[in-house]
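Colleague: Would you mind keeping the following structure in view while I ask a few things?
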Amino acid sequence: MSNWPNSAGKRLLSLMLLAGLLGAASSCGTDYANLPTFSAERKLLQVVVEVPAGTNHLQYFDPATQEFRAMHRAGLEQVVEYLPCPGNQGFIPGTRAAGSELPMQSLVLAETQAQGTIMEVLPLALLTLDDNGTLKNIVVTTPARPSQQILPKVESWQDLTRQYPSVREAVRQWYQHQGRAGEIRIVSWKDERAAEQAVKGAM
């Protein structure tokens with residue numbers, strides 16, 4: 001049986017070892033289901049990205065399998081027939097949405113982040129939807145880290161509506177297009193204080 005040249009063999013072994021290490025790391029990844037609602041060091045609200053900005057495929061984190069799975073509606077994989085997601089849609093760990101086994105949802109207004117990214121955020125608003133008779137709260141947020149912010153000097157609902165009034169319409173359209181015409185309607189928009197209270201009530 002012939003042998004590979006030493007240099008090629010070493011490179012192959014190195015690649016195999018690296019692949020094995022990466023596989024081991026991914027198999028014992030972050031325990032998203034048991035993350036705290038607020039970060040340990042800075043005590044800031046946390047969001048786990050499920051749907052990166054710029055995609056139309058809805059996904060959610062399944063704590064039972066520790067995997068991200070495709071969202072389904074009416075038995076079909078849910079792909080939003082509209083422009084891509086205007087932010088990073090995700091969940092707030094350590095919370096439970098009213099009437100659901102799933103955690104409370106958030107939309108982080110920032111450049112695209114990889115699925116599974118944990119972001120520290122600042123609440124800007126509370127959007128309440130009526131989805132076929134079920135009320136759903138969405139906490140609209142901005143990254144706490146200035147380097148990740150794409151809406152400079154926006155720290156409140158008032159800042160957002162005054163400086164970027166069109167954001168509200170873009171977010172409304174994104175969520176309403178997640179259902180058929182008339183299935184999802186906007187109930188209300190409230191400020192950052194209401195968002196903070198809603199999070200605390202869902203913990």
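Labeling convention for the structure tokens: chains A, B, ... as they appear, residues from 1 per chain, ligands from 1 in order of appearance.
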DSSP on the backbone: what in stretch 44-198 of chain A comes out strand (DSSP E or B), as a PyMOL selection string?
Modeller: chain A and resi 45-51+57+59-62+67-70+72-73+76-77+79+88-91+105-108+110+118-131+134-143+149+184-190
Colleague: I'd like the neighbourhood of A:Val167 as a list of chain:residue names, where a residue qualifies if any of its atoms comes within 10 Å (using only C-alpha atoms), though same-chain residues fewer than 5 positions away should be ignored.
Modeller: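 Surrounding residues, per the criterion: A:Pro86, A:Leu109, A:Leu160, A:Thr161, A:Arg172, A:Gln173.
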Colleague: Counting only C-alpha atoms, which residue out of A:Ser39, A:Thr134, A:Ser147, A:Gln158 sits closest to A:Gly99?
Modeller: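 Using only C-alpha atoms, A:Gly99 sits closest to A:Thr134.
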Colleague: Between A:Gly29, A:Gly75, A:Gly90, A:Gly133, which one has atoms that come closest to A:Pro52, using only C-alpha atoms?
Modeller: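 Result for the nearest residue to A:Pro52: A:Gly90.
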Colleague: For A:Leu83, please output as an mmCIF file with N, CA and C atoms, in the first residue's frame all residues within 8 Å (counting only C-alpha atoms; exclusion window: fewer than 2 positions along the same chain).
Modeller:
data_model
loop_
_atom_site.group_PDB
_atom_site.id
_atom_site.type_symbol
_atom_site.label_atom_id
_atom_site.label_comp_id
_atom_site.auth_asym_id
_atom_site.auth_seq_id
_atom_site.Cartn_x
_atom_site.Cartn_y
_atom_site.Cartn_z
ATOM 1 N N ASN A 56 -36.033 35.454 4.116
ATOM 2 C CA ASN A 56 -37.497 35.340 4.142
ATOM 3 C C ASN A 56 -37.959 34.027 4.765
ATOM 4 N N VAL A 80 -41.843 34.065 3.982
ATOM 5 C CA VAL A 80 -42.597 35.313 3.889
ATOM 6 C C VAL A 80 -42.533 35.846 2.459
ATOM 7 N N GLU A 81 -43.696 36.004 1.855
ATOM 8 C CA GLU A 81 -43.775 36.491 0.477
ATOM 9 C C GLU A 81 -43.786 38.018 0.486
ATOM 10 N N CYS A 85 -36.474 40.104 5.810
ATOM 11 C CA CYS A 85 -36.626 40.579 7.183
ATOM 12 C C CYS A 85 -35.819 41.869 7.396
ATOM 13 N N TRP A 174 -43.618 43.724 7.338
ATOM 14 C CA TRP A 174 -42.934 42.435 7.497
ATOM 15 C C TRP A 174 -43.798 41.454 8.281
#
Colleague: Considering only C-alpha atoms, state which residue in the set A:Lys153, A:Lys190, A:Arg96, A:His57 is at the smallest distance from A:Leu76.
Modeller: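 For A:Leu76, the nearest of the candidates is A:His57.
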Colleague: Run DSSP on the backbone and give me the residues of stretch 33-171 of chain A it puts in alpha helix (DSSP H), as a list in words.
Modeller: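 Taking stretch 33-171 of chain A and keeping alpha helix (DSSP H) gives Trp157, Gln158, Asp159, Leu160, Thr161, Arg162, Gln163, Ser166, Val167, Arg168, Glu169, Ala170 and Val171 of chain A.
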Colleague: Check the smallest atom-to-atom distance from each of A:Gln66, A:Gly94, A:Val47, A:Thr128 to A:Ser106 using only C-alpha atoms, then report the winner.
Modeller: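 The shortest atom-to-atom distance to A:Ser106 comes from A:Val47.
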Colleague: Looking at A:Gly87, A:Gly116, A:Pro123, A:Gly179, which one is nearest to A:Ala74, with distances taken over only C-alpha atoms?
Modeller: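 Answer, going by the shortest atom-to-atom distance: A:Gly179.
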Colleague: Record the distance separating atom CA of A:Tyr32 and atom CA of A:Asp62, expressed in Å with one decimal.
Modeller: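 Separation of atom CA of A:Tyr32 and atom CA of A:Asp62: 9.5 Å.
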Colleague: Can you work out the spacing between atom CA of A:Ala98 and atom CA of A:Asp131 in Å, to one decimal?
Modeller: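 Separation of atom CA of A:Ala98 and atom CA of A:Asp131: 12.9 Å.
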Colleague: Which residues come within 8 Å of A:Leu127, counting only C-alpha atoms, excluding same-chain residues fewer than 4 positions away, as a ChimeraX atom specification?
Modeller: /A:137-140,186-190
Colleague: With C-alpha atoms retained, export the selected residues as an mmCIF file, in the first residue's frame.
Modeller:
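Output file part-v2.cif follows:
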data_model
loop_
_atom_site.group_PDB
_atom_site.id
_atom_site.type_symbol
_atom_site.label_atom_id
_atom_site.label_comp_id
_atom_site.auth_asym_id
_atom_site.auth_seq_id
_atom_site.Cartn_x
_atom_site.Cartn_y
_atom_site.Cartn_z
ATOM 1 C CA ASN A 137 -45.977 40.820 21.617
ATOM 2 C CA ILE A 138 -42.826 41.710 19.701
ATOM 3 C CA VAL A 139 -40.104 43.714 21.461
ATOM 4 C CA VAL A 140 -38.449 45.968 18.877
ATOM 5 C CA ILE A 186 -51.500 45.512 14.233
ATOM 6 C CA VAL A 187 -53.156 46.068 17.614
ATOM 7 C CA SER A 188 -50.817 48.693 19.056
ATOM 8 C CA TRP A 189 -47.393 50.247 19.274
ATOM 9 C CA LYS A 190 -46.110 51.231 22.722
#
Colleague: Can you tell me which residues surround A:Val49 at a distance of at most 8 Å, considering only C-alpha atoms, apart from same-chain residues fewer than 3 positions away, and format the answer as a tab-separated table (two decimals) with C-alpha atoms, in the first residue's frame?
Modeller:
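New file result10.tsv:
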chain	number	residue	atom	x	y	z
A	52	PRO	CA	-31.13	36.77	10.30
A	88	ASN	CA	-32.79	40.07	13.10
A	89	GLN	CA	-35.84	38.22	14.41
A	90	GLY	CA	-35.25	36.12	17.50
A	91	PHE	CA	-36.34	35.16	20.98
A	113	GLN	CA	-26.25	38.41	12.38
A	114	ALA	CA	-25.72	34.66	12.11
A	115	GLN	CA	-28.43	32.38	13.42
A	116	GLY	CA	-27.71	31.55	17.05
A	117	THR	CA	-25.93	34.85	17.75
A	118	ILE	CA	-26.64	36.18	21.23
A	119	MET	CA	-27.06	39.96	21.21
Colleague: So that I can see what lies close to A:Tyr164, please list as JSON, numbers by chain the residues with an atom at most 12 Å from it, counting only C-alpha atoms and leaving out residues fewer than 6 positions away in the same chain.
Modeller: {"A": [109, 150, 151, 152, 153, 154, 156, 157, 158, 170, 171]}
Colleague: I'd like to know which of A:Gln197, A:Gln178, A:Thr30, A:Thr37 is closest to A:His72, using only C-alpha atoms.
Modeller: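 Comparing A:Gln197, A:Gln178, A:Thr30, A:Thr37 against A:His72, the winner is A:Gln178.
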Colleague: One decimal, in Å: what's the spacing between atom CA of A:Met203 and atom CA of A:Ala144?
Modeller: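 Rounded to one decimal, the two atoms are 20.5 Å apart.
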